[in-house]
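Undergrad: One file is attached below, final.txt, containing compact mmCIF, C-alpha atoms.
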```
# COMPACT_ATOMS: atom_id res chain seq x y z
CA MET A 1 51.62 -18.95 3.15
CA GLY A 2 48.70 -20.44 1.24
CA LEU A 3 46.03 -22.42 3.06
CA SER A 4 45.70 -26.11 2.24
CA LYS A 5 41.98 -25.75 1.51
CA PRO A 6 39.36 -23.01 1.20
CA ILE A 7 39.21 -21.10 4.48
CA ALA A 8 35.49 -21.75 4.94
CA GLU A 9 36.20 -25.48 5.19
CA PHE A 10 38.25 -25.23 8.37
CA ASP A 11 36.31 -26.45 11.42
CA THR A 12 37.16 -23.37 13.45
CA VAL A 13 35.88 -21.09 10.71
CA LYS A 14 32.63 -23.06 10.68
CA THR A 15 32.45 -22.64 14.46
CA TRP A 16 33.02 -18.91 14.01
CA GLY A 17 30.23 -18.68 11.45
CA GLU A 18 27.84 -20.59 13.71
CA GLY A 19 28.70 -18.38 16.66
CA LEU A 20 28.10 -15.23 14.63
CA ARG A 21 24.80 -16.50 13.28
CA LYS A 22 23.62 -17.42 16.74
CA GLN A 23 24.73 -14.14 18.26
CA TRP A 24 23.67 -11.67 15.59
CA GLY A 25 21.19 -13.47 13.38
CA GLY A 26 21.47 -13.70 9.62
CA ASP A 27 24.78 -14.93 8.25
CA PRO A 28 27.37 -12.29 9.12
CA LEU A 29 30.25 -14.03 7.33
CA ALA A 30 28.24 -14.09 4.11
CA GLU A 31 26.95 -10.55 4.62
CA GLU A 32 30.39 -9.16 5.42
CA PRO A 33 32.90 -11.25 3.44
CA GLU A 34 35.67 -8.85 4.47
CA MET A 35 35.62 -10.60 7.85
CA VAL A 36 36.81 -13.85 6.32
CA GLU A 37 39.31 -11.96 4.17
CA ALA A 38 40.71 -10.38 7.33
CA LEU A 39 41.17 -13.82 8.89
CA ARG A 40 42.80 -15.15 5.72
CA ASP A 41 45.24 -12.23 5.72
CA PHE A 42 45.95 -12.80 9.39
CA CYS A 43 46.70 -16.45 8.72
CA ASP A 44 49.15 -15.35 6.03
CA PHE A 45 50.64 -12.89 8.48
CA ALA A 46 50.99 -15.54 11.20
CA GLY A 47 52.00 -18.32 8.80
CA GLU A 48 49.37 -20.69 10.13
CA ASP A 49 45.92 -21.93 9.31
CA PRO A 50 42.82 -21.22 11.47
CA ASP A 51 42.58 -24.70 13.00
CA SER A 52 46.23 -24.81 14.01
CA ILE A 53 45.94 -21.39 15.66
CA ILE A 54 43.03 -22.54 17.83
CA ALA A 55 44.68 -25.90 18.50
CA LYS A 56 47.76 -24.16 19.88
CA LEU A 57 45.63 -21.94 22.12
CA PHE A 58 44.39 -24.88 24.15
CA ARG A 59 46.32 -27.48 26.05
CA ILE A 60 45.44 -30.51 28.14
CA ARG A 61 46.22 -29.90 31.81
CA LYS A 62 48.29 -32.78 33.17
CA GLU A 63 46.72 -32.75 36.63
CA ASP A 64 43.13 -33.42 35.62
CA GLY A 65 43.06 -33.86 31.86
CA GLU A 66 40.99 -30.68 31.40
CA ARG A 67 41.27 -28.72 28.16
CA VAL A 68 42.42 -25.26 29.22
CA LEU A 69 43.50 -22.05 27.53
CA SER A 70 47.24 -21.71 27.19
CA VAL A 71 48.39 -18.45 28.74
CA LYS A 72 51.58 -18.54 26.72
CA TRP A 73 49.86 -18.95 23.36
CA ARG A 74 47.06 -16.56 24.24
CA ARG A 75 49.67 -13.89 24.85
CA HIS A 76 51.47 -14.86 21.65
CA TYR A 77 48.37 -14.45 19.49
CA ALA A 78 47.21 -11.34 21.32
CA ASP A 79 50.56 -9.79 20.37
CA LYS A 80 50.24 -11.06 16.81
CA VAL A 81 46.80 -9.47 16.50
CA LYS A 82 48.19 -6.20 17.84
CA GLU A 83 50.96 -6.28 15.24
CA PHE A 84 48.41 -7.07 12.55
CA ARG A 85 46.16 -4.22 13.68
CA ALA A 86 49.05 -1.78 13.64
CA GLN A 87 49.64 -2.37 9.94
CA GLY A 88 48.09 -0.34 7.15
CA ASP A 89 47.86 3.13 8.71
CA GLY A 90 44.93 2.22 10.91
CA LYS A 91 42.98 0.40 8.20
CA ASN A 92 43.67 -2.88 9.94
CA GLN A 93 41.97 -1.81 13.18
CA ARG A 94 38.67 -3.15 11.99
CA ARG A 95 40.28 -6.23 10.42
CA GLY A 96 42.07 -7.01 13.68
CA ALA A 97 38.73 -6.88 15.47
CA ASP A 98 37.44 -9.47 12.99
CA VAL A 99 40.34 -11.77 13.89
CA LEU A 100 39.50 -11.29 17.58
CA SER A 101 35.92 -12.23 16.74
CA PHE A 102 37.19 -15.49 15.22
CA LEU A 103 39.16 -16.24 18.41
CA ILE A 104 36.30 -15.29 20.74
CA HIS A 105 33.76 -17.50 18.99
CA ASN A 106 36.23 -20.35 19.32
CA GLY A 107 36.27 -19.84 23.08
CA VAL A 108 39.40 -17.75 23.45
CA LEU A 109 38.77 -14.94 25.93
CA ILE A 110 40.53 -11.98 24.44
CA GLN A 111 39.85 -8.28 24.12
CA GLY A 112 41.60 -5.52 22.25
CA MET B 113 16.95 13.50 38.12
CA GLU B 114 14.85 12.03 40.93
CA PHE B 115 16.71 9.67 43.25
CA GLN B 116 14.71 6.57 42.40
CA GLN B 117 15.12 7.31 38.72
CA VAL B 118 18.90 7.46 39.18
CA LEU B 119 18.79 4.04 40.82
CA GLY B 120 16.74 2.79 37.92
CA ILE B 121 18.96 4.05 35.14
CA ARG B 122 22.26 2.87 36.60
CA ARG B 123 23.78 0.09 34.54
CA SER B 124 27.31 -1.18 34.14
CA ILE B 125 28.12 0.80 31.02
CA ARG B 126 30.86 -0.82 28.94
CA TYR B 127 30.73 1.29 25.79
CA PHE B 128 31.94 4.86 26.11
CA GLU B 129 32.56 7.66 23.65
CA PRO B 130 36.33 7.30 23.80
CA ASP B 131 37.22 10.82 22.73
CA LYS B 132 34.54 12.82 24.50
CA PRO B 133 36.13 14.25 27.62
CA VAL B 134 34.33 14.41 30.94
CA GLU B 135 34.09 17.86 32.44
CA GLN B 136 36.29 18.44 35.48
CA GLU B 137 33.34 19.63 37.54
CA LYS B 138 31.47 16.40 36.90
CA ILE B 139 34.44 14.38 38.09
CA GLN B 140 34.58 16.55 41.19
CA LYS B 141 30.89 15.94 41.86
CA ILE B 142 31.48 12.19 41.73
CA LEU B 143 34.24 12.54 44.32
CA GLU B 144 32.12 14.84 46.47
CA ALA B 145 29.36 12.23 46.46
CA MET B 146 31.82 9.63 47.73
CA ARG B 147 33.04 11.95 50.45
CA ILE B 148 29.67 12.37 52.12
CA ALA B 149 28.91 8.65 52.23
CA SER B 150 28.01 6.85 55.42
CA CYS B 151 31.15 5.59 57.10
CA ALA B 152 31.70 3.49 60.22
CA VAL B 153 33.42 5.34 63.07
CA ASN B 154 33.79 8.29 60.69
CA ALA B 155 37.08 6.76 59.58
CA HIS B 156 36.87 7.49 55.84
CA TRP B 157 39.10 4.76 54.54
CA LEU B 158 38.30 5.38 50.89
CA LYS B 159 40.90 7.16 48.81
CA ALA B 160 40.50 7.74 45.10
CA VAL B 161 42.94 8.79 42.40
CA VAL B 162 41.58 10.16 39.15
CA VAL B 163 43.61 9.54 36.01
CA LYS B 164 42.52 10.67 32.57
CA ARG B 165 43.06 7.94 30.02
CA HIS B 166 44.79 10.19 27.53
CA ASP B 167 47.43 10.92 30.19
CA ILE B 168 48.32 7.24 30.25
CA SER B 169 50.91 6.19 27.68
CA ALA B 170 49.71 3.71 25.05
CA GLU B 171 52.32 1.26 26.29
CA ASP B 172 51.12 1.48 29.90
CA LEU B 173 47.47 1.27 28.90
CA GLU B 174 48.29 -2.02 27.18
CA LYS B 175 49.93 -3.25 30.37
CA MET B 176 46.88 -2.25 32.43
CA LYS B 177 44.58 -4.49 30.42
CA ASN B 178 43.42 -7.88 31.51
CA PRO B 179 41.33 -10.24 29.40
CA VAL B 180 37.98 -9.06 30.77
CA GLN B 181 38.35 -5.31 31.27
CA ALA B 182 40.62 -4.37 28.36
CA ASN B 183 38.00 -2.75 26.16
CA VAL B 184 36.26 -0.97 29.02
CA ILE B 185 39.42 0.75 30.24
CA ALA B 186 40.49 1.48 26.67
CA LEU B 187 37.21 3.28 25.95
CA ALA B 188 36.58 5.10 29.23
CA PRO B 189 38.09 8.59 29.21
CA VAL B 190 38.34 8.72 33.01
CA HIS B 191 39.63 6.11 35.43
CA ILE B 192 38.99 6.58 39.13
CA TYR B 193 41.17 4.16 41.07
CA LEU B 194 39.76 3.26 44.46
CA TYR B 195 41.89 2.33 47.45
CA GLY B 196 41.39 1.72 51.14
CA ASP B 197 43.78 3.41 53.53
CA PRO B 198 44.06 1.06 56.52
CA GLY B 199 46.19 3.54 58.45
CA VAL B 200 43.48 6.09 59.20
CA VAL B 201 42.18 4.44 62.36
CA ASN B 202 45.52 4.42 64.13
CA LYS B 203 46.40 7.81 62.72
CA TYR B 204 43.38 9.58 64.17
CA LYS B 205 42.93 7.38 67.27
CA GLY B 206 39.26 8.20 67.64
CA ALA B 207 39.58 11.92 66.91
CA ARG B 208 37.06 11.73 64.09
CA LEU B 209 34.57 10.04 66.38
CA LYS B 210 35.04 12.80 68.95
CA GLN B 211 34.46 15.27 66.15
CA LEU B 212 31.06 13.67 65.60
CA PHE B 213 30.40 14.13 69.31
CA ASP B 214 31.41 17.80 69.20
CA TYR B 215 29.12 18.37 66.25
CA GLY B 216 26.12 16.77 67.92
CA ALA B 217 25.89 13.65 65.79
CA LEU B 218 26.95 11.35 68.64
CA ASN B 219 25.51 12.29 72.00
CA PRO B 220 25.30 11.19 75.65
CA THR B 221 21.73 10.10 74.89
CA HIS B 222 23.32 7.15 73.11
CA GLY B 223 26.16 6.70 75.57
CA TRP B 224 28.84 8.73 73.84
CA SER B 225 31.50 10.91 75.48
CA HIS B 226 35.10 11.87 74.68
CA LYS B 227 36.14 9.73 77.64
CA PHE B 228 34.34 6.70 76.22
CA VAL B 229 36.14 7.13 72.89
CA ASP B 230 39.56 7.70 74.51
CA GLU B 231 39.36 4.94 77.11
CA THR B 232 37.21 2.32 75.43
CA VAL B 233 36.35 2.72 71.78
CA TYR B 234 39.78 3.41 70.38
CA PRO B 235 42.06 1.33 72.65
CA GLN B 236 39.72 -1.60 73.25
CA ILE B 237 37.76 -1.85 70.01
CA LEU B 238 39.22 0.03 67.07
CA LYS B 239 42.93 -0.51 67.62
CA PRO B 240 42.52 -4.27 68.19
CA LEU B 241 40.24 -4.42 65.15
CA THR B 242 43.06 -3.11 62.97
CA GLU B 243 45.14 -6.11 64.03
CA THR B 244 42.58 -8.74 63.02
CA PRO B 245 42.15 -10.44 59.65
CA VAL B 246 38.62 -9.04 59.33
CA TYR B 247 39.82 -5.43 59.32
CA PRO B 248 40.27 -5.24 55.52
CA ILE B 249 36.75 -6.63 55.12
CA ALA B 250 35.30 -3.93 57.36
CA LEU B 251 37.05 -1.14 55.52
CA ALA B 252 36.24 -2.64 52.11
CA PHE B 253 32.55 -2.59 53.02
CA ASP B 254 32.73 1.10 53.81
CA CYS B 255 34.71 1.89 50.69
CA GLY B 256 32.05 0.09 48.66
CA ILE B 257 29.34 2.32 50.09
CA ALA B 258 31.26 5.44 49.11
CA ALA B 259 32.07 4.08 45.66
CA CYS B 260 28.38 3.37 45.11
CA GLN B 261 27.50 6.99 45.80
CA GLY B 262 30.08 8.06 43.24
CA LEU B 263 28.65 5.65 40.71
CA LEU B 264 25.13 6.96 41.22
CA MET B 265 26.31 10.54 40.92
CA ALA B 266 27.88 9.72 37.55
CA PHE B 267 24.50 8.58 36.26
CA ASP B 268 22.73 11.58 37.76
CA LEU B 269 25.12 13.76 35.76
CA GLY B 270 24.22 12.00 32.51
CA LEU B 271 27.41 9.93 32.39
CA GLY B 272 27.96 6.20 32.25
CA ALA B 273 30.19 4.22 34.57
CA CYS B 274 31.37 0.71 35.26
CA LEU B 275 33.48 -0.87 37.98
CA THR B 276 36.38 -3.07 36.91
CA ALA B 277 39.43 -4.56 38.54
CA PHE B 278 42.82 -2.98 37.95
CA LEU B 279 46.39 -4.20 37.81
CA GLN B 280 47.84 -2.45 40.79
CA GLU B 281 51.53 -2.59 39.92
CA VAL B 282 51.13 -0.85 36.56
CA VAL B 283 48.54 1.61 37.82
CA LYS B 284 50.72 2.56 40.76
CA LYS B 285 53.18 4.15 38.35
CA TYR B 286 50.51 6.82 37.89
CA THR B 287 48.78 6.88 41.25
CA LYS B 288 51.98 6.68 43.33
CA VAL B 289 49.94 5.65 46.35
CA PRO B 290 51.50 4.56 49.66
CA ASP B 291 52.44 0.90 49.83
CA ASP B 292 49.92 0.06 52.55
CA TRP B 293 46.88 1.26 50.61
CA ILE B 294 44.63 -1.60 49.59
CA PRO B 295 43.64 -1.55 45.91
CA PHE B 296 39.98 -2.26 45.20
CA TYR B 297 38.41 -1.36 41.88
CA GLN B 298 38.44 1.37 39.33
CA ILE B 299 35.37 3.28 38.27
CA ASN B 300 35.46 3.84 34.53
CA VAL B 301 33.60 7.00 33.65
CA GLY B 302 32.61 8.64 30.40
CA TYR B 303 29.79 9.58 28.13
CA ARG B 304 27.83 6.55 27.04
CA ALA B 305 28.23 5.30 23.49
CA GLU B 306 25.36 2.91 24.14
CA SER B 307 21.84 4.05 24.89
CA ALA B 308 20.84 4.96 28.44
CA GLU B 309 18.63 1.88 28.60
CA ALA B 310 21.59 -0.25 27.49
CA GLY B 311 19.32 -3.17 26.76
CA GLY B 312 17.20 -2.74 29.87
CA GLN B 313 17.53 -3.35 33.57
CA ARG B 314 19.70 -6.40 34.07
CA PRO B 315 18.36 -9.61 35.58
CA ARG B 316 18.58 -10.02 39.32
CA PRO B 317 17.92 -13.03 41.54
CA PRO B 318 14.39 -13.22 42.89
CA PHE B 319 13.68 -10.87 45.82
CA GLU B 320 12.56 -13.86 47.88
CA GLU B 321 15.96 -15.51 47.60
CA GLN B 322 17.77 -12.49 48.95
CA TYR B 323 15.79 -10.90 51.76
CA PHE B 324 14.25 -12.28 54.93
CA LEU B 325 12.03 -11.24 57.76
CA ASN B 326 13.09 -12.09 61.31
CA HIS B 327 15.15 -15.09 60.31
CA PHE B 328 16.74 -16.81 57.36
CA GLY B 329 14.28 -18.92 55.46
CA GLN B 330 11.29 -16.67 56.07
CA THR B 331 11.21 -14.43 53.05
CA PHE B 332 10.43 -10.77 53.43
CA PRO B 333 6.95 -10.32 51.97
CA ARG B 334 7.06 -8.53 48.63
CA ASP B 335 4.04 -6.31 48.14
CA PRO B 336 3.09 -5.94 44.46
CA LYS B 337 1.68 -2.47 45.20
CA VAL B 338 5.16 -1.35 46.21
CA VAL B 339 6.62 -2.84 43.08
CA LYS B 340 4.06 -0.92 41.05
CA GLU B 341 4.99 2.31 42.82
CA LEU B 342 8.64 1.72 42.01
CA GLU B 343 7.76 1.15 38.38
CA GLU B 344 5.93 4.47 38.38
CA SER B 345 8.87 6.25 39.95
CA LYS B 346 11.14 4.65 37.30
CA MET B 347 13.30 2.77 39.75
CA PHE B 348 12.15 -0.25 37.84
CA THR B 349 12.56 0.31 34.13
CA THR B 350 12.21 -1.92 31.11
CA PRO B 351 13.76 -5.24 32.05
CA ALA B 352 16.49 -6.63 29.84
CA ARG B 353 15.44 -9.73 27.96
CA PRO B 354 17.30 -12.50 26.19
CA ASP B 355 17.59 -12.50 22.43
CA ASN B 356 16.72 -8.82 22.22
CA GLY B 357 17.09 -7.95 18.56
CA GLU B 358 17.23 -4.22 19.16
CA ARG B 359 20.00 -4.60 21.70
CA ARG B 360 21.94 -6.88 19.41
CA LYS B 361 21.67 -4.37 16.60
CA GLU B 362 22.86 -1.65 18.94
CA ILE B 363 25.89 -3.70 19.96
CA ARG B 364 26.67 -4.72 16.41
CA ASP B 365 26.62 -1.07 15.32
CA LEU B 366 28.85 -0.15 18.27
CA ALA B 367 31.26 -2.95 17.42
CA ARG B 368 31.58 -1.56 13.91
CA ARG B 369 31.94 2.05 15.00
CA LEU B 370 34.41 1.38 17.83
CA ASN B 371 36.40 -1.35 16.07
CA LEU B 372 35.40 -4.01 18.54
CA PRO B 373 35.06 -7.69 17.73
CA MET B 374 31.59 -8.97 16.89
```
Could you quickly redo this structure as structure tokens?

TA:
Amino acid sequence: MGLSKPIAEFDTVKTWGEGLRKQWGGDPLAEEPEMVEALRDFCDFAGEDPDSIIAKLFRIRKEDGERVLSVKWRRHYADKVKEFRAQGDGKNQRRGADVLSFLIHNGVLIQG
Amino acid sequence: MEFQQVLGIRRSIRYFEPDKPVEQEKIQKILEAMRIASCAVNAHWLKAVVVKRHDISAEDLEKMKNPVQANVIALAPVHIYLYGDPGVVNKYKGARLKQLFDYGALNPTHGWSHKFVDETVYPQILKPLTETPVYPIALAFDCGIAACQGLLMAFDLGLGACLTAFLQEVVKKYTKVPDDWIPFYQINVGYRAESAEAGGQRPRPPFEEQYFLNHFGQTFPRDPKVVKELEESKMFTTPARPDNGERRKEIRDLARRLNLPM
């Protein structure tokens, strides 16, 4: 699946970049372009774009209108990342961690 | 290592060398340290089951993860699962207290006798306590004391350690503990992948907010000379600080080496 626009133009990718800059200093996405490539490949793998992935991970709770993490979709994408990491004879271990980084900086609590 | 130095170097270590095994004798020393901990009525509620991570199937390890401890349990080579055994009080019916009497720890000077234990302490205090809702709190407090000694021993032995929660149903497949045991925490143990300082001593609330003299509201006076002495003895070490570039570099390097997200 091709993305509808350059990956760097998605809001959630901008949020990721900001989070990384704030956390680590410098501009990690520019310094390590393979991180963005990993996310692009993951989007291909999942058949979705970055913003739609994050949008699905949050829902509005009926009771109080709060924006909360969706347990169902968190599990779904955690499994997707595991599948992605398992590809490529271990080479995707690092790339999967980059996808987790994208999720974490968009507020999705998720570990390996 | 000196005692105060051990207190000073203890941190919650979350980055372990995943493939560096911990020697059996070091694990034993951690358990031995727990065993000699202070314990109310000599009950010894704490039980611990050691499981080496490589003995856990990959599938089960996945099931044991929760969103906040996943990477810690995946990296730590040794998991020590801590439980409280609520049955010990009614199993021993004061016998362990009488043992303390026989060994001279409890004495008539303080009002103790076998008769007092048999006629008063067990039937009128301990047994009823086991039937109250506060009983698990009392035993949890004691288990915490013992667990703390184990934690400190790990650091004295040059290891790192960190307490995390565990998912009891999955873990029970390995530990096979009795149904009435109360699950508490697991101590994750291993050789540190991060530095011993691990970014420095972590922030704590002000002393004055926590400790009082005579009554709540009157803070216990904190003598700066004592603080200085504790700095000299290395109980107080370099404090952690926000936006610590060195620490961030350390974590970034660890993230790369251990395939963790940045």

Undergrad: Pick out the closest residue to chain B from this set: A:Lys5, A:His76, A:Lys14, A:Lys22. Count all atoms listed in the file.

TA: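 Nearest candidate to chain B out of A:Lys5, A:His76, A:Lys14, A:Lys22: A:Lys22.
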
Undergrad: With 10 Å as the limit and counting all atoms listed in the file, what residues in chain A lie close to chain B? Please list them as a ChimeraX atom specification.

TA: /A:19-20,22-25,28,74,92-105,108-112

Undergrad: Near Pro6 of chain A, counting all atoms listed in the file, which residues have an atom at most 12 Å away, once you skip same-chain residues fewer than 4 positions from it, shown as an mmCIF file with C-alpha atoms, keeping the file's coordinate frame?

TA:
```cif
data_model
loop_
_atom_site.group_PDB
_atom_site.id
_atom_site.type_symbol
_atom_site.label_atom_id
_atom_site.label_comp_id
_atom_site.auth_asym_id
_atom_site.auth_seq_id
_atom_site.Cartn_x
_atom_site.Cartn_y
_atom_site.Cartn_z
ATOM 1 C CA GLY A 2 48.700 -20.440 1.240
ATOM 2 C CA PHE A 10 38.250 -25.230 8.370
ATOM 3 C CA ASP A 11 36.310 -26.450 11.420
ATOM 4 C CA VAL A 13 35.880 -21.090 10.710
ATOM 5 C CA LYS A 14 32.630 -23.060 10.680
ATOM 6 C CA VAL A 36 36.810 -13.850 6.320
ATOM 7 C CA GLU A 37 39.310 -11.960 4.170
ATOM 8 C CA ARG A 40 42.800 -15.150 5.720
ATOM 9 C CA ASP A 49 45.920 -21.930 9.310
ATOM 10 C CA PRO A 50 42.820 -21.220 11.470
#
```

Undergrad: Counting only C-alpha atoms, what is within 7 Å of segment 255-257 of chain B, bar same-chain residues fewer than 6 positions away, as a ChimeraX atom specification?

TA: /B:149,157-158,196

Undergrad: Could those residues be written to a file, using C-alpha atoms, as a compact mmCIF listing (two decimals), in the frame of the given file?

TA:
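Everything below was put into selection28.txt:
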```txt
# COMPACT_ATOMS: atom_id res chain seq x y z
CA ALA B 149 28.91 8.65 52.23
CA TRP B 157 39.10 4.76 54.54
CA LEU B 158 38.30 5.38 50.89
CA GLY B 196 41.39 1.72 51.14
```

Undergrad: Using all atoms listed in the file, find the one residue out of A:Asp51, A:Ser70, A:Gly90, A:Asp27 that sits nearest to Leu39 of chain A.

TA: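 The closest residue to Leu39 of chain A is A:Asp51.
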
Undergrad: Restricting the calculation to only C-alpha atoms, which member of B:Lys205, B:His191, B:Arg334, B:Arg304 is positioned closest to Phe267 of chain B?

TA: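 Residue with the minimum atom-to-atom distance to Phe267 of chain B: B:Arg304.
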
Undergrad: I need the residue nearest Phe296 of chain B from this list: B:Ala160, B:Leu238, B:Ala188, B:Ala170. Use all atoms listed in the file for the distance.

TA: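 Answer, going by the shortest atom-to-atom distance: B:Ala160.
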
Undergrad: Using atom CA of Leu57 of chain A and atom CA of Lys80 of chain A as the two end points, give the distance in Å to one decimal.

TA: 13.0 Å

Undergrad: Is it possible to get the axis-aligned box enclosing segment 239-255 of chain B (all listed atoms, 5 Å extra per side) as lines of an AutoDock Vina configuration file, with centre and edge lengths in Å rounded to one decimal?

TA:
```
center_x = 38.8
center_y = -4.3
center_z = 59.4
size_x = 22.6
size_y = 22.3
size_z = 27.5
```

Undergrad: Please identify all polymer residues within 12 Å of Arg59 of chain A, counting all atoms listed in the file, omitting same-chain residues fewer than 6 positions from it, and present them as a list in words.

TA: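 Selected residues are Gly65, Glu66, Arg67, Val68, Leu69, Ser70, Val71, Lys72, Trp73 and Arg74 of chain A.
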
Undergrad: For the point (28.7, 6.3, 51.2) in the file's frame, write as number ranges by chain all residues with an atom no more than 7 Å away, counting only C-alpha atoms.

TA: B: 146, 148-151, 257-261

Undergrad: Could you jot down the atom CA of Leu194 of chain B to atom CA of Leu275 of chain B separation for me, Å, one decimal place?

TA: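 Taking atom CA of Leu194 of chain B and atom CA of Leu275 of chain B, their separation equals 9.9 Å.
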
Undergrad: Kindly give the distance, in Å, that separates atom CA of Pro198 of chain B and atom CA of Ile294 of chain B, rounded to a single decimal.

TA: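 A separation of 7.4 Å between them.
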
Undergrad: Taking 4 positions as the minimum chain separation for residues in the same chain, which residues sit within 12 Å of Tyr234 of chain B when counting all atoms listed in the file? Answer as a VMD selection string.

TA: chain B and resid 153 155 201 to 210 226 to 230 238 to 242

Undergrad: Just the selected residues (C-alpha atoms), exported as a PDB file, keeping the file's coordinate frame, please.

TA:
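The resulting file, selection_24.pdb, is reproduced below:
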```pdb
ATOM      1  CA  VAL B 153      33.420   5.340  63.070  1.00  0.00           C
ATOM      2  CA  ALA B 155      37.080   6.760  59.580  1.00  0.00           C
ATOM      3  CA  VAL B 201      42.180   4.440  62.360  1.00  0.00           C
ATOM      4  CA  ASN B 202      45.520   4.420  64.130  1.00  0.00           C
ATOM      5  CA  LYS B 203      46.400   7.810  62.720  1.00  0.00           C
ATOM      6  CA  TYR B 204      43.380   9.580  64.170  1.00  0.00           C
ATOM      7  CA  LYS B 205      42.930   7.380  67.270  1.00  0.00           C
ATOM      8  CA  GLY B 206      39.260   8.200  67.640  1.00  0.00           C
ATOM      9  CA  ALA B 207      39.580  11.920  66.910  1.00  0.00           C
ATOM     10  CA  ARG B 208      37.060  11.730  64.090  1.00  0.00           C
ATOM     11  CA  LEU B 209      34.570  10.040  66.380  1.00  0.00           C
ATOM     12  CA  LYS B 210      35.040  12.800  68.950  1.00  0.00           C
ATOM     13  CA  HIS B 226      35.100  11.870  74.680  1.00  0.00           C
ATOM     14  CA  LYS B 227      36.140   9.730  77.640  1.00  0.00           C
ATOM     15  CA  PHE B 228      34.340   6.700  76.220  1.00  0.00           C
ATOM     16  CA  VAL B 229      36.140   7.130  72.890  1.00  0.00           C
ATOM     17  CA  ASP B 230      39.560   7.700  74.510  1.00  0.00           C
ATOM     18  CA  LEU B 238      39.220   0.030  67.070  1.00  0.00           C
ATOM     19  CA  LYS B 239      42.930  -0.510  67.620  1.00  0.00           C
ATOM     20  CA  PRO B 240      42.520  -4.270  68.190  1.00  0.00           C
ATOM     21  CA  LEU B 241      40.240  -4.420  65.150  1.00  0.00           C
ATOM     22  CA  THR B 242      43.060  -3.110  62.970  1.00  0.00           C
TER      23      THR B 242
END
```

Undergrad: Considering all atoms listed in the file, state which residue in the set B:Tyr127, B:Phe324, B:Tyr195, B:Phe332 is at the smallest distance from Cys274 of chain B.

TA: B:Tyr127

Undergrad: Would you mind telling me which residue in B:Gln211, B:Gln140, B:Ser345, B:Asn356 lies nearest to Glu114 of chain B when using only C-alpha atoms?

TA: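 Of all the options, B:Ser345 lies closest to Glu114 of chain B.
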
Undergrad: May I have the residues within 6 Å of Ala273 of chain B as an MDAnalysis selection string, using all atoms listed in the file and disregarding those fewer than 3 positions away in the same chain?

TA: chainID B and resid 125 300:301
